[in-house]
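Novice: Sharing query-v1.txt here; it has compact mmCIF, N, CA and C atoms.
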```txt
# COMPACT_ATOMS: atom_id res chain seq x y z
N SER A 9 -101.63 -19.91 -31.96
CA SER A 9 -101.78 -18.64 -32.64
C SER A 9 -102.87 -18.77 -33.71
N PHE A 10 -103.37 -17.63 -34.15
CA PHE A 10 -104.47 -17.62 -35.11
C PHE A 10 -104.08 -18.32 -36.40
N ARG A 11 -102.88 -18.08 -36.90
CA ARG A 11 -102.51 -18.71 -38.18
C ARG A 11 -102.43 -20.22 -38.05
N GLN A 12 -101.99 -20.73 -36.91
CA GLN A 12 -101.96 -22.18 -36.71
C GLN A 12 -103.37 -22.74 -36.60
N THR A 13 -104.26 -22.00 -35.96
CA THR A 13 -105.65 -22.42 -35.84
C THR A 13 -106.29 -22.49 -37.22
N CYS A 14 -106.05 -21.49 -38.06
CA CYS A 14 -106.58 -21.49 -39.44
C CYS A 14 -106.08 -22.72 -40.20
N ARG A 15 -104.81 -23.00 -40.08
CA ARG A 15 -104.23 -24.15 -40.78
C ARG A 15 -104.86 -25.45 -40.28
N LEU A 16 -105.01 -25.57 -38.97
CA LEU A 16 -105.59 -26.78 -38.39
C LEU A 16 -107.04 -26.98 -38.83
N ILE A 17 -107.83 -25.91 -38.81
CA ILE A 17 -109.24 -26.02 -39.22
C ILE A 17 -109.34 -26.38 -40.70
N THR A 18 -108.51 -25.76 -41.52
CA THR A 18 -108.51 -26.07 -42.95
C THR A 18 -108.17 -27.53 -43.19
N GLN A 19 -107.15 -28.02 -42.51
CA GLN A 19 -106.76 -29.42 -42.66
C GLN A 19 -107.87 -30.34 -42.16
N ALA A 20 -108.47 -30.00 -41.05
CA ALA A 20 -109.51 -30.84 -40.48
C ALA A 20 -110.73 -30.92 -41.39
N MET A 21 -111.09 -29.79 -42.00
CA MET A 21 -112.27 -29.75 -42.87
C MET A 21 -112.05 -30.56 -44.15
N ASN A 22 -110.79 -30.78 -44.51
CA ASN A 22 -110.48 -31.46 -45.77
C ASN A 22 -109.83 -32.82 -45.58
N SER A 23 -109.92 -33.35 -44.38
CA SER A 23 -109.24 -34.61 -44.10
C SER A 23 -110.25 -35.71 -43.77
N THR A 24 -109.99 -36.88 -44.31
CA THR A 24 -110.81 -38.04 -43.96
C THR A 24 -110.31 -38.72 -42.69
N ALA A 25 -109.15 -38.27 -42.19
CA ALA A 25 -108.58 -38.86 -40.99
C ALA A 25 -109.19 -38.28 -39.71
N ILE A 26 -109.92 -37.20 -39.82
CA ILE A 26 -110.55 -36.57 -38.66
C ILE A 26 -111.82 -37.36 -38.31
N PRO A 27 -112.01 -37.68 -37.03
CA PRO A 27 -113.22 -38.43 -36.65
C PRO A 27 -114.49 -37.71 -37.10
N GLU A 28 -115.49 -38.51 -37.43
CA GLU A 28 -116.76 -37.96 -37.92
C GLU A 28 -117.38 -36.98 -36.93
N LYS A 29 -117.30 -37.28 -35.64
CA LYS A 29 -117.87 -36.39 -34.64
C LYS A 29 -117.19 -35.02 -34.68
N ALA A 30 -115.88 -35.00 -34.80
CA ALA A 30 -115.14 -33.73 -34.88
C ALA A 30 -115.52 -32.97 -36.15
N GLN A 31 -115.66 -33.67 -37.26
CA GLN A 31 -116.06 -33.02 -38.51
C GLN A 31 -117.46 -32.42 -38.38
N ARG A 32 -118.35 -33.13 -37.71
CA ARG A 32 -119.72 -32.65 -37.52
C ARG A 32 -119.73 -31.39 -36.66
N ILE A 33 -118.92 -31.36 -35.62
CA ILE A 33 -118.84 -30.18 -34.76
C ILE A 33 -118.30 -28.99 -35.55
N LEU A 34 -117.25 -29.21 -36.34
CA LEU A 34 -116.71 -28.13 -37.17
C LEU A 34 -117.76 -27.61 -38.14
N GLU A 35 -118.50 -28.51 -38.73
CA GLU A 35 -119.53 -28.12 -39.69
C GLU A 35 -120.63 -27.31 -39.00
N GLU A 36 -121.01 -27.72 -37.80
CA GLU A 36 -122.07 -27.02 -37.06
C GLU A 36 -121.64 -25.62 -36.64
N LYS A 37 -120.38 -25.45 -36.32
CA LYS A 37 -119.89 -24.19 -35.75
C LYS A 37 -119.27 -23.25 -36.78
N ARG A 38 -119.06 -23.71 -37.98
CA ARG A 38 -118.30 -22.91 -38.95
C ARG A 38 -119.00 -21.64 -39.38
N GLU A 39 -120.31 -21.55 -39.26
CA GLU A 39 -121.04 -20.35 -39.68
C GLU A 39 -121.05 -19.26 -38.60
N ILE A 40 -120.74 -19.61 -37.37
CA ILE A 40 -120.87 -18.65 -36.27
C ILE A 40 -120.07 -17.37 -36.52
N PRO A 41 -118.77 -17.43 -36.88
CA PRO A 41 -118.04 -16.17 -37.08
C PRO A 41 -118.64 -15.31 -38.19
N TYR A 42 -119.16 -15.95 -39.24
CA TYR A 42 -119.76 -15.21 -40.35
C TYR A 42 -121.06 -14.53 -39.91
N GLN A 43 -121.86 -15.25 -39.15
CA GLN A 43 -123.13 -14.69 -38.68
C GLN A 43 -122.89 -13.52 -37.73
N VAL A 44 -121.96 -13.70 -36.81
CA VAL A 44 -121.67 -12.64 -35.84
C VAL A 44 -121.14 -11.40 -36.55
N PHE A 45 -120.21 -11.61 -37.48
CA PHE A 45 -119.64 -10.45 -38.17
C PHE A 45 -120.67 -9.80 -39.08
N ALA A 46 -121.56 -10.57 -39.66
CA ALA A 46 -122.64 -9.99 -40.47
C ALA A 46 -123.51 -9.07 -39.61
N GLU A 47 -123.78 -9.48 -38.38
CA GLU A 47 -124.56 -8.64 -37.46
C GLU A 47 -123.80 -7.35 -37.15
N ILE A 48 -122.50 -7.45 -36.96
CA ILE A 48 -121.67 -6.26 -36.71
C ILE A 48 -121.71 -5.34 -37.92
N MET A 49 -121.59 -5.91 -39.12
CA MET A 49 -121.63 -5.10 -40.35
C MET A 49 -122.99 -4.41 -40.49
N GLU A 50 -124.06 -5.14 -40.20
CA GLU A 50 -125.40 -4.57 -40.31
C GLU A 50 -125.58 -3.40 -39.33
N GLN A 51 -125.10 -3.58 -38.12
CA GLN A 51 -125.20 -2.50 -37.13
C GLN A 51 -124.38 -1.30 -37.59
N GLY A 52 -123.18 -1.55 -38.12
CA GLY A 52 -122.35 -0.46 -38.63
C GLY A 52 -123.01 0.27 -39.79
N GLN A 53 -123.74 -0.45 -40.62
CA GLN A 53 -124.46 0.18 -41.72
C GLN A 53 -125.57 1.08 -41.18
N LYS A 54 -126.26 0.63 -40.14
CA LYS A 54 -127.31 1.45 -39.52
C LYS A 54 -126.73 2.73 -38.93
N GLU A 55 -125.49 2.64 -38.43
CA GLU A 55 -124.81 3.80 -37.85
C GLU A 55 -124.08 4.61 -38.92
N ASN A 56 -124.14 4.15 -40.17
CA ASN A 56 -123.50 4.81 -41.31
C ASN A 56 -121.97 4.86 -41.22
N SER A 57 -121.39 3.83 -40.59
CA SER A 57 -119.94 3.76 -40.49
C SER A 57 -119.35 2.64 -41.35
N VAL A 58 -120.21 1.80 -41.89
CA VAL A 58 -119.79 0.65 -42.70
C VAL A 58 -120.36 0.81 -44.11
N VAL A 59 -119.58 0.39 -45.09
CA VAL A 59 -119.99 0.50 -46.49
C VAL A 59 -121.29 -0.27 -46.74
N GLU A 60 -121.98 0.12 -47.80
CA GLU A 60 -123.20 -0.57 -48.20
C GLU A 60 -122.86 -1.94 -48.76
N GLY A 61 -123.82 -2.83 -48.73
CA GLY A 61 -123.66 -4.17 -49.27
C GLY A 61 -124.32 -5.17 -48.35
N ASP A 62 -124.49 -6.34 -48.85
CA ASP A 62 -125.08 -7.40 -48.04
C ASP A 62 -124.16 -7.69 -46.85
N PRO A 63 -124.67 -7.59 -45.62
CA PRO A 63 -123.82 -7.80 -44.45
C PRO A 63 -123.13 -9.17 -44.43
N TYR A 64 -123.84 -10.20 -44.89
CA TYR A 64 -123.22 -11.53 -44.90
C TYR A 64 -122.09 -11.58 -45.92
N ASP A 65 -122.29 -10.94 -47.07
CA ASP A 65 -121.22 -10.88 -48.08
C ASP A 65 -119.99 -10.16 -47.52
N LEU A 66 -120.22 -9.09 -46.78
CA LEU A 66 -119.10 -8.37 -46.16
C LEU A 66 -118.40 -9.24 -45.13
N ALA A 67 -119.16 -10.04 -44.40
CA ALA A 67 -118.57 -10.96 -43.43
C ALA A 67 -117.70 -12.00 -44.12
N VAL A 68 -118.18 -12.53 -45.24
CA VAL A 68 -117.39 -13.50 -46.00
C VAL A 68 -116.11 -12.85 -46.51
N LEU A 69 -116.22 -11.64 -47.02
CA LEU A 69 -115.04 -10.92 -47.50
C LEU A 69 -114.04 -10.70 -46.36
N PHE A 70 -114.54 -10.29 -45.20
CA PHE A 70 -113.66 -10.05 -44.05
C PHE A 70 -112.93 -11.33 -43.65
N TRP A 71 -113.69 -12.40 -43.41
CA TRP A 71 -113.05 -13.63 -42.93
C TRP A 71 -112.17 -14.27 -43.99
N SER A 72 -112.54 -14.14 -45.26
CA SER A 72 -111.68 -14.66 -46.32
C SER A 72 -110.36 -13.90 -46.36
N THR A 73 -110.42 -12.61 -46.14
CA THR A 73 -109.21 -11.79 -46.09
C THR A 73 -108.33 -12.20 -44.92
N ILE A 74 -108.94 -12.30 -43.74
CA ILE A 74 -108.18 -12.66 -42.54
C ILE A 74 -107.59 -14.06 -42.67
N ASN A 75 -108.41 -15.02 -43.10
CA ASN A 75 -107.91 -16.40 -43.26
C ASN A 75 -106.83 -16.48 -44.33
N GLY A 76 -107.04 -15.75 -45.42
CA GLY A 76 -106.04 -15.74 -46.49
C GLY A 76 -104.71 -15.20 -46.01
N LEU A 77 -104.75 -14.12 -45.24
CA LEU A 77 -103.51 -13.55 -44.70
C LEU A 77 -102.85 -14.52 -43.72
N ALA A 78 -103.66 -15.19 -42.91
CA ALA A 78 -103.11 -16.16 -41.96
C ALA A 78 -102.45 -17.33 -42.69
N ILE A 79 -103.11 -17.82 -43.72
CA ILE A 79 -102.54 -18.94 -44.49
C ILE A 79 -101.28 -18.48 -45.22
N TYR A 80 -101.33 -17.30 -45.82
CA TYR A 80 -100.15 -16.75 -46.49
C TYR A 80 -98.97 -16.71 -45.53
N ASN A 81 -99.20 -16.14 -44.35
CA ASN A 81 -98.13 -15.99 -43.39
C ASN A 81 -97.65 -17.34 -42.85
N ALA A 82 -98.57 -18.28 -42.68
CA ALA A 82 -98.22 -19.59 -42.13
C ALA A 82 -97.43 -20.44 -43.11
N THR A 83 -97.52 -20.13 -44.39
CA THR A 83 -96.84 -20.96 -45.39
C THR A 83 -95.53 -20.35 -45.87
N ARG A 84 -95.09 -19.28 -45.27
CA ARG A 84 -93.81 -18.66 -45.62
C ARG A 84 -92.71 -19.27 -44.76
N LEU A 85 -91.53 -19.44 -45.36
CA LEU A 85 -90.40 -19.93 -44.58
C LEU A 85 -90.01 -18.91 -43.51
N GLU A 86 -90.08 -17.64 -43.88
CA GLU A 86 -89.82 -16.57 -42.92
C GLU A 86 -91.08 -15.71 -42.82
N PRO A 87 -91.57 -15.49 -41.60
CA PRO A 87 -92.77 -14.66 -41.47
C PRO A 87 -92.56 -13.28 -42.07
N ARG A 88 -93.61 -12.79 -42.71
CA ARG A 88 -93.59 -11.45 -43.29
C ARG A 88 -94.58 -10.60 -42.53
N PRO A 89 -94.33 -9.31 -42.47
CA PRO A 89 -95.32 -8.45 -41.81
C PRO A 89 -96.62 -8.45 -42.59
N LEU A 90 -97.71 -8.41 -41.87
CA LEU A 90 -99.02 -8.38 -42.51
C LEU A 90 -99.35 -6.95 -42.91
N PRO A 91 -100.30 -6.78 -43.83
CA PRO A 91 -100.70 -5.42 -44.22
C PRO A 91 -101.19 -4.62 -43.02
N GLU A 92 -101.08 -3.34 -43.13
CA GLU A 92 -101.57 -2.45 -42.08
C GLU A 92 -103.06 -2.71 -41.85
N LYS A 93 -103.46 -2.68 -40.60
CA LYS A 93 -104.88 -2.87 -40.26
C LYS A 93 -105.75 -1.85 -40.97
N ALA A 94 -105.23 -0.65 -41.14
CA ALA A 94 -106.01 0.41 -41.80
C ALA A 94 -106.37 0.03 -43.24
N HIS A 95 -105.50 -0.72 -43.91
CA HIS A 95 -105.80 -1.15 -45.28
C HIS A 95 -106.99 -2.11 -45.30
N VAL A 96 -106.99 -3.03 -44.38
CA VAL A 96 -108.10 -3.98 -44.31
C VAL A 96 -109.38 -3.25 -43.88
N ALA A 97 -109.27 -2.39 -42.90
CA ALA A 97 -110.43 -1.65 -42.41
C ALA A 97 -111.01 -0.77 -43.50
N SER A 98 -110.17 -0.23 -44.38
CA SER A 98 -110.67 0.68 -45.43
C SER A 98 -111.59 -0.02 -46.41
N ILE A 99 -111.55 -1.32 -46.47
CA ILE A 99 -112.46 -2.08 -47.34
C ILE A 99 -113.88 -1.98 -46.80
N PHE A 100 -114.01 -1.87 -45.48
CA PHE A 100 -115.31 -1.97 -44.83
C PHE A 100 -115.85 -0.66 -44.25
N LEU A 101 -114.95 0.21 -43.86
CA LEU A 101 -115.39 1.42 -43.16
C LEU A 101 -115.49 2.61 -44.09
N LYS A 102 -116.45 3.47 -43.80
CA LYS A 102 -116.61 4.70 -44.58
C LYS A 102 -115.63 5.75 -44.09
```
When written as C-alpha cells, how does the structure in this file appear?

Specialist:
Amino acid sequence: SFRQTCRLITQAMNSTAIPEKAQRILEEKREIPYQVFAEIMEQGQKENSVVEGDPYDLAVLFWSTINGLAIYNATRLEPRPLPEKAHVASIFLK
C-alpha cells in the first residue's frame, strides 16, 4: 500500500543498513514525482485551473501533504479516515 511504501522509502533514505547501490537508485529517482507533478501544475496554470505559484513549489507542497498523510495514517494504532480529497484539491485548484 502507499503508506507502507512511504514508510519504507523514508526508512531507506535514512538508514546506513541499506546497500549503497539501493541508496543511489533512490537518490536518482526521488525527483521524478516532483518533476512530473510540477509539469502537471504548470499545464493546469496555463489552462487557468491551478492556482498561481512556482509549479515545483506546488509539487513539493502536494507530495509533502500526501506523504505526511500517509505517515500520519501509518503510525496510528487504529487507522483514521483521511481528509476529503476535495480539501486537498482546494489547495491547488481554482

Novice: Quick one: everything within 12 Å of Ala97 (chain A), counting only C-alpha atoms, minus sequence neighbours fewer than 4 positions away in the same chain. Send it as an MDAnalysis selection string.

Specialist: chainID A and resid 49 57:59 66 69:70 73:74 91:93 101:102

Novice: Export, as a PDB file, keeping the file's coordinate frame, the selected residues with N, CA and C atoms.

Specialist:
```pdb
ATOM      1  N   MET A  49    -121.590  -5.910 -39.120  1.00  0.00           N
ATOM      2  CA  MET A  49    -121.630  -5.100 -40.350  1.00  0.00           C
ATOM      3  C   MET A  49    -122.990  -4.410 -40.490  1.00  0.00           C
ATOM      4  N   SER A  57    -121.390   3.830 -40.590  1.00  0.00           N
ATOM      5  CA  SER A  57    -119.940   3.760 -40.490  1.00  0.00           C
ATOM      6  C   SER A  57    -119.350   2.640 -41.350  1.00  0.00           C
ATOM      7  N   VAL A  58    -120.210   1.800 -41.890  1.00  0.00           N
ATOM      8  CA  VAL A  58    -119.790   0.650 -42.700  1.00  0.00           C
ATOM      9  C   VAL A  58    -120.360   0.810 -44.110  1.00  0.00           C
ATOM     10  N   VAL A  59    -119.580   0.390 -45.090  1.00  0.00           N
ATOM     11  CA  VAL A  59    -119.990   0.500 -46.490  1.00  0.00           C
ATOM     12  C   VAL A  59    -121.290  -0.270 -46.740  1.00  0.00           C
ATOM     13  N   LEU A  66    -120.220  -9.090 -46.780  1.00  0.00           N
ATOM     14  CA  LEU A  66    -119.100  -8.370 -46.160  1.00  0.00           C
ATOM     15  C   LEU A  66    -118.400  -9.240 -45.130  1.00  0.00           C
ATOM     16  N   LEU A  69    -116.220 -11.640 -47.020  1.00  0.00           N
ATOM     17  CA  LEU A  69    -115.040 -10.920 -47.500  1.00  0.00           C
ATOM     18  C   LEU A  69    -114.040 -10.700 -46.360  1.00  0.00           C
ATOM     19  N   PHE A  70    -114.540 -10.290 -45.200  1.00  0.00           N
ATOM     20  CA  PHE A  70    -113.660 -10.050 -44.050  1.00  0.00           C
ATOM     21  C   PHE A  70    -112.930 -11.330 -43.650  1.00  0.00           C
ATOM     22  N   THR A  73    -110.420 -12.610 -46.140  1.00  0.00           N
ATOM     23  CA  THR A  73    -109.210 -11.790 -46.090  1.00  0.00           C
ATOM     24  C   THR A  73    -108.330 -12.200 -44.920  1.00  0.00           C
ATOM     25  N   ILE A  74    -108.940 -12.300 -43.740  1.00  0.00           N
ATOM     26  CA  ILE A  74    -108.180 -12.660 -42.540  1.00  0.00           C
ATOM     27  C   ILE A  74    -107.590 -14.060 -42.670  1.00  0.00           C
ATOM     28  N   PRO A  91    -100.300  -6.780 -43.830  1.00  0.00           N
ATOM     29  CA  PRO A  91    -100.700  -5.420 -44.220  1.00  0.00           C
ATOM     30  C   PRO A  91    -101.190  -4.620 -43.020  1.00  0.00           C
ATOM     31  N   GLU A  92    -101.080  -3.340 -43.130  1.00  0.00           N
ATOM     32  CA  GLU A  92    -101.570  -2.450 -42.080  1.00  0.00           C
ATOM     33  C   GLU A  92    -103.060  -2.710 -41.850  1.00  0.00           C
ATOM     34  N   LYS A  93    -103.460  -2.680 -40.600  1.00  0.00           N
ATOM     35  CA  LYS A  93    -104.880  -2.870 -40.260  1.00  0.00           C
ATOM     36  C   LYS A  93    -105.750  -1.850 -40.970  1.00  0.00           C
ATOM     37  N   LEU A 101    -114.950   0.210 -43.860  1.00  0.00           N
ATOM     38  CA  LEU A 101    -115.390   1.420 -43.160  1.00  0.00           C
ATOM     39  C   LEU A 101    -115.490   2.610 -44.090  1.00  0.00           C
ATOM     40  N   LYS A 102    -116.450   3.470 -43.800  1.00  0.00           N
ATOM     41  CA  LYS A 102    -116.610   4.700 -44.580  1.00  0.00           C
ATOM     42  C   LYS A 102    -115.630   5.750 -44.090  1.00  0.00           C
TER      43      LYS A 102
END
```

Novice: If you run DSSP on the backbone, which residues of chain A are helix (DSSP H, G or I), as number ranges by chain?

Specialist: A: 10-21, 28-37, 40-54, 63-82, 93-100

Novice: Determine, counting all atoms listed in the file, every residue of protein, DNA or RNA that lies within 6.5 Å of (-122.0, -7.6, -42.1) in the file coordinates, then give the result as a PyMOL selection string.

Specialist: chain A and resi 45-51+62-67

Novice: What is the CA of Thr13 (chain A)-CA of Gly52 (chain A) distance in Å, reported with one decimal?

Specialist: 27.7 Å

Novice: May I ask for the distance between CA of Asn75 (chain A) and CA of Ala30 (chain A), given in Å to one decimal place?

Specialist: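 Those two atoms sit 20.6 Å apart.
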
Novice: Find the distance between atom N of Arg15 (chain A) and atom C of Ile79 (chain A) and write it in Å to one decimal.

Specialist: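 The value is 7.7 Å.
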
Novice: May I have the residues within 12 Å of Ile17 (chain A) as a PyMOL selection string, using only C-alpha atoms and disregarding those fewer than 5 positions away in the same chain?

Specialist: chain A and resi 10-12+22-23+26+30-31+33-35+37-38+75+78-79
